[in-house]
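Enquirer: Sending over a structure as C-alpha cells; questions will come in a sec.
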Amino acid sequence: MKMIGIVVGAVIVVAIASVVGCKLFASRSTEATVALTAKLPGKVAVVYYSQSKVGNTSTVAKWIAKHTGGELVPIETVEAYPDAYGDTLKAAKKDMENGGTRAIKAVPPLDGYDVVFIGTPIWYGTYAPPVAEFFKTHSLAGKTVVPFCTHGGGGAGRYFVDVRKACPAATVKECLTIRGSNQIERRLGTGITSHHTEDDVVKWLNAVFK
C-alpha cells in the first residue's frame with residue numbers, strides 16, 4: 001500500500017508539472033522587442049517547407065516575412081507525408097534513397113525577387129526532400145539566398161553546406177538554426193514558442209544584413 005501511495009503521488013506531481021509547464025508555454029510572449037535595423041537589398045521571398053501540425057518552420061517563416069515585408073511562398077507536396085513523425089521520417093528516408101526529392105505543387109518563378117529565404121525542417125542532417133525538389137526546379141543564380149531551419153535537437157547538420165552546393169551561383173548568407181519541438185512536445189501541442197521568439201529572428205536579420 002505504501003508503494004502504491006508513492007506511485008500515485010509521483011503521478012500527481014508529474015501531472016501538475018505538465019499542466020504548469022503547458023500554461024507557461026502558452027502564456028509566454030513571442031512578440032519581438034528588438035527593432036529591425038537591417039536594410040535588405042531588394043524584394044524578398046520567404047520560401048519554406050513545413051510538415052508538422054505544430055508548424056515550427058512555418059512559424060519562423062512568418063516571423064521573417066513579418067519583419068522583412070517578404071512574400072510567403074510555401075512549398076507543398078503533391079502527396080502529403082504521414083501525420084506520425086516516425087512514419088514521416090521513414091517516408092523521407094525512402095525518398096532520399098530514391099532520388100532524394102518528393103514531388104511538389106507548382107511554385108511560381110522567383111525572377112522578380114532579389115533575396116530568397118529558404119526554410120526547412122532538418123531530416124537526416126539536411127533539408128527535406130520537398131526542398132530538394134524546389135532546388136531542382138528553381139534557379140536562384142544571382143540572388144541572395146538566406147537559409148533557415150528548425151530541428152528537434154540534432155542541429156542543422158550539413159544543411160548550410162548543401163544549400164551552397166544547390167545554389168553555386170548565388171550569394172548564400174549565414175544560416176539561422178532554430179530548435180523546434182521534439183516528439184514529446186508535438187504530442188503535448190507545444191512547439192517553437194518553448195524555445196525561441198521573434199527576437200531571435202530579428203537579431204539574426206540585423207547580423208546578416210548589417
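Chain labels follow the order of the C-alpha cells: the first chain is A, the next B, and so on; residue numbering restarts at 1 in every chain, and ligands are counted from 1 in their shown order.
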Excluding same-chain residues fewer than 4 positions from Pro108 (chain A), what lies within 12 Å of it counting only C-alpha atoms, as a list in words?

Expert: Ala45, Val47, Glu71, Leu72, Val73, Pro74, Ile75, Ile104, Gly112, Tyr113, Phe134, Thr137, His138 and Ser139 of chain A

Enquirer: Give me the residues within 10 Å of Pro168 (chain A) as a list in words, counting only C-alpha atoms and dropping any in the same chain fewer than 5 places off.

Expert: Ser139, Leu140, Ala141, Gly142 and Val163 of chain A

Enquirer: List as a list of chain:residue names the protein and nucleic acid residues near Val161 (chain A), meaning an atom at most 12 Å away when only C-alpha atoms are counted, but skip any in the same chain fewer than 2 places from it.

Expert: A:Gly125, A:Thr126, A:Tyr127, A:Pro147, A:Ala156, A:Gly157, A:Arg158, A:Tyr159, A:Val163, A:Arg164, A:Lys165, A:Ala166, A:Cys167, A:Pro168, A:Val172, A:Lys173, A:Glu174, A:Cys175

Enquirer: Quick one: everything within 10 Å of Gly99 (chain A), counting only C-alpha atoms, minus sequence neighbours fewer than 5 positions away in the same chain. Send it as a PyMOL selection string.

Expert: chain A and resi 94+129+132-133

Enquirer: If you run DSSP on the backbone here, which positions in region 19-185 of chain A get helix (DSSP H, G or I)? Please write them as a VMD selection string.

Expert: chain A and resid 19 to 27 56 to 68 85 to 97 129 to 137 159 to 166 183 to 185

Enquirer: With C-alpha atoms kept, could you save the residues just selected as a short mmCIF file (atom, residue, chain, number, x, y, z; two decimals), in the first residue's frame?

Expert:
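Below is the file selection.cif, written as the result:
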```cif
data_model
loop_
_atom_site.label_atom_id
_atom_site.label_comp_id
_atom_site.auth_asym_id
_atom_site.auth_seq_id
_atom_site.Cartn_x
_atom_site.Cartn_y
_atom_site.Cartn_z
CA VAL A 19 -0.10 21.38 -16.62
CA VAL A 20 2.03 24.19 -15.22
CA GLY A 21 4.59 23.71 -18.00
CA CYS A 22 1.92 23.89 -20.70
CA LYS A 23 0.49 27.05 -19.14
CA LEU A 24 3.94 28.62 -19.09
CA PHE A 25 4.50 27.82 -22.76
CA ALA A 26 1.02 29.08 -23.62
CA SER A 27 1.46 32.36 -21.75
CA ASN A 56 7.81 25.03 -36.44
CA THR A 57 9.27 26.03 -39.80
CA SER A 58 6.18 27.93 -40.92
CA THR A 59 6.22 29.89 -37.65
CA VAL A 60 9.78 31.06 -38.29
CA ALA A 61 8.92 31.81 -41.93
CA LYS A 62 6.05 34.04 -40.83
CA TRP A 63 8.30 35.89 -38.39
CA ILE A 64 10.82 36.53 -41.15
CA ALA A 65 8.11 37.73 -43.56
CA LYS A 66 6.62 39.97 -40.87
CA HIS A 67 9.88 41.80 -40.26
CA THR A 68 11.20 41.93 -43.82
CA TYR A 85 6.62 11.85 -37.07
CA GLY A 86 8.27 8.43 -37.08
CA ASP A 87 6.36 7.43 -40.22
CA THR A 88 7.30 10.74 -41.82
CA LEU A 89 11.00 10.07 -41.27
CA LYS A 90 10.66 6.58 -42.73
CA ALA A 91 8.95 8.02 -45.82
CA ALA A 92 11.57 10.77 -46.11
CA LYS A 93 14.39 8.23 -45.89
CA LYS A 94 12.76 6.27 -48.70
CA ASP A 95 12.55 9.47 -50.77
CA MET A 96 16.24 10.14 -50.16
CA GLU A 97 17.12 6.64 -51.27
CA PRO A 129 13.09 16.11 -49.93
CA PRO A 130 10.42 18.68 -51.00
CA VAL A 131 13.07 21.41 -50.64
CA ALA A 132 15.46 19.31 -52.72
CA GLU A 133 12.78 19.25 -55.43
CA PHE A 134 12.43 23.03 -55.18
CA PHE A 135 16.18 23.49 -55.72
CA LYS A 136 16.00 21.10 -58.67
CA THR A 137 13.26 23.12 -60.39
CA TYR A 159 22.21 21.96 -44.32
CA PHE A 160 24.22 25.13 -44.87
CA VAL A 161 26.84 23.29 -46.94
CA ASP A 162 24.14 21.58 -49.01
CA VAL A 163 22.38 24.88 -49.72
CA ARG A 164 25.64 26.33 -51.03
CA LYS A 165 26.07 23.29 -53.27
CA ALA A 166 22.48 23.65 -54.55
CA GLN A 183 8.37 14.36 -30.48
CA ILE A 184 7.17 14.70 -26.88
CA GLU A 185 6.40 18.39 -27.33
#
```

Enquirer: Of the candidates A:Ala128, A:Val145, A:Ala80, A:Ile178, which one gets nearest to Tyr49 (chain A) if we count only C-alpha atoms?

Expert: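 Looking only at the distances to Tyr49 (chain A), the closest residue turns out to be A:Ala128.
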
Enquirer: Show which residues sit within 9 Å of Lys143 (chain A), as an mmCIF file with N, CA and C atoms, in the first residue's frame. Count only C-alpha atoms, and ignore same-chain residues fewer than 5 positions away.

Expert:
```
data_model
loop_
_atom_site.group_PDB
_atom_site.id
_atom_site.type_symbol
_atom_site.label_atom_id
_atom_site.label_comp_id
_atom_site.auth_asym_id
_atom_site.auth_seq_id
_atom_site.Cartn_x
_atom_site.Cartn_y
_atom_site.Cartn_z
ATOM 1 N N TYR A 113 12.450 38.516 -57.510
ATOM 2 C CA TYR A 113 12.932 38.657 -56.132
ATOM 3 C C TYR A 113 14.461 38.723 -56.085
ATOM 4 N N ASP A 114 14.952 39.549 -55.190
ATOM 5 C CA ASP A 114 16.397 39.712 -55.031
ATOM 6 C C ASP A 114 16.948 38.878 -53.883
ATOM 7 N N VAL A 115 16.142 38.745 -52.823
ATOM 8 C CA VAL A 115 16.542 37.989 -51.626
ATOM 9 C C VAL A 115 15.556 36.845 -51.429
ATOM 10 N N VAL A 116 16.074 35.630 -51.327
ATOM 11 C CA VAL A 116 15.209 34.458 -51.151
ATOM 12 C C VAL A 116 15.630 33.710 -49.887
ATOM 13 N N ALA A 169 25.666 29.608 -57.873
ATOM 14 C CA ALA A 169 25.779 30.936 -58.495
ATOM 15 C C ALA A 169 25.057 32.014 -57.689
ATOM 16 N N ALA A 170 24.715 31.707 -56.439
ATOM 17 C CA ALA A 170 24.032 32.665 -55.569
ATOM 18 C C ALA A 170 24.969 33.087 -54.444
ATOM 19 N N THR A 171 24.631 34.201 -53.807
ATOM 20 C CA THR A 171 25.332 34.623 -52.597
ATOM 21 C C THR A 171 24.571 34.054 -51.402
ATOM 22 N N VAL A 172 25.166 33.127 -50.680
ATOM 23 C CA VAL A 172 24.477 32.437 -49.580
ATOM 24 C C VAL A 172 24.914 33.046 -48.248
#
```

Enquirer: Run DSSP on the backbone and grab whatever in region 14-205 of chain A lands in strand (DSSP E or B); send it over as a ChimeraX atom specification.

Expert: /A:44-48,71-74,77,104,115-123,126-127,144-151,171-172,176-179

Enquirer: Please produce an output containing C-alpha atoms for each residue in the selection, written as a PDB file, in the first residue's frame.

Expert:
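See part-v1.pdb below for the written result:
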```pdb
ATOM      1  CA  VAL A  44      12.120  39.470 -50.560  1.00  0.00           C
ATOM      2  CA  ALA A  45      10.550  35.999 -50.849  1.00  0.00           C
ATOM      3  CA  VAL A  46      10.352  33.583 -47.911  1.00  0.00           C
ATOM      4  CA  VAL A  47      10.232  30.071 -49.348  1.00  0.00           C
ATOM      5  CA  TYR A  48       9.666  27.277 -46.845  1.00  0.00           C
ATOM      6  CA  GLU A  71       6.158  37.330 -49.531  1.00  0.00           C
ATOM      7  CA  LEU A  72       5.494  33.894 -48.060  1.00  0.00           C
ATOM      8  CA  VAL A  73       5.985  31.111 -50.621  1.00  0.00           C
ATOM      9  CA  PRO A  74       5.076  27.720 -49.114  1.00  0.00           C
ATOM     10  CA  THR A  77       3.882  18.274 -51.569  1.00  0.00           C
ATOM     11  CA  ILE A 104       5.731  19.339 -55.022  1.00  0.00           C
ATOM     12  CA  VAL A 115      16.542  37.989 -51.626  1.00  0.00           C
ATOM     13  CA  VAL A 116      15.209  34.458 -51.151  1.00  0.00           C
ATOM     14  CA  PHE A 117      14.969  32.919 -47.684  1.00  0.00           C
ATOM     15  CA  ILE A 118      14.838  29.105 -47.733  1.00  0.00           C
ATOM     16  CA  GLY A 119      13.377  27.267 -44.718  1.00  0.00           C
ATOM     17  CA  THR A 120      13.111  23.576 -43.880  1.00  0.00           C
ATOM     18  CA  PRO A 121      12.965  21.086 -41.047  1.00  0.00           C
ATOM     19  CA  ILE A 122      16.196  19.096 -40.737  1.00  0.00           C
ATOM     20  CA  TRP A 123      15.732  15.449 -41.673  1.00  0.00           C
ATOM     21  CA  THR A 126      19.898  18.172 -44.270  1.00  0.00           C
ATOM     22  CA  TYR A 127      16.895  19.769 -45.973  1.00  0.00           C
ATOM     23  CA  THR A 144      20.970  36.474 -52.201  1.00  0.00           C
ATOM     24  CA  VAL A 145      19.926  33.189 -50.578  1.00  0.00           C
ATOM     25  CA  VAL A 146      19.353  33.070 -46.826  1.00  0.00           C
ATOM     26  CA  PRO A 147      18.832  29.596 -45.308  1.00  0.00           C
ATOM     27  CA  PHE A 148      16.977  28.914 -42.077  1.00  0.00           C
ATOM     28  CA  CYS A 149      15.988  25.647 -40.454  1.00  0.00           C
ATOM     29  CA  THR A 150      14.285  24.047 -37.468  1.00  0.00           C
ATOM     30  CA  HIS A 151      15.301  20.855 -35.717  1.00  0.00           C
ATOM     31  CA  THR A 171      25.332  34.623 -52.597  1.00  0.00           C
ATOM     32  CA  VAL A 172      24.477  32.437 -49.580  1.00  0.00           C
ATOM     33  CA  LEU A 176      19.561  30.614 -38.849  1.00  0.00           C
ATOM     34  CA  THR A 177      19.226  27.399 -36.843  1.00  0.00           C
ATOM     35  CA  ILE A 178      16.211  27.203 -34.530  1.00  0.00           C
ATOM     36  CA  ARG A 179      15.462  24.467 -32.015  1.00  0.00           C
TER      37      ARG A 179
END
```

Enquirer: Measure the distance from CA of Gly152 (chain A) to CA of Gly55 (chain A) in Å and round it to one decimal.

Expert: 12.5 Å
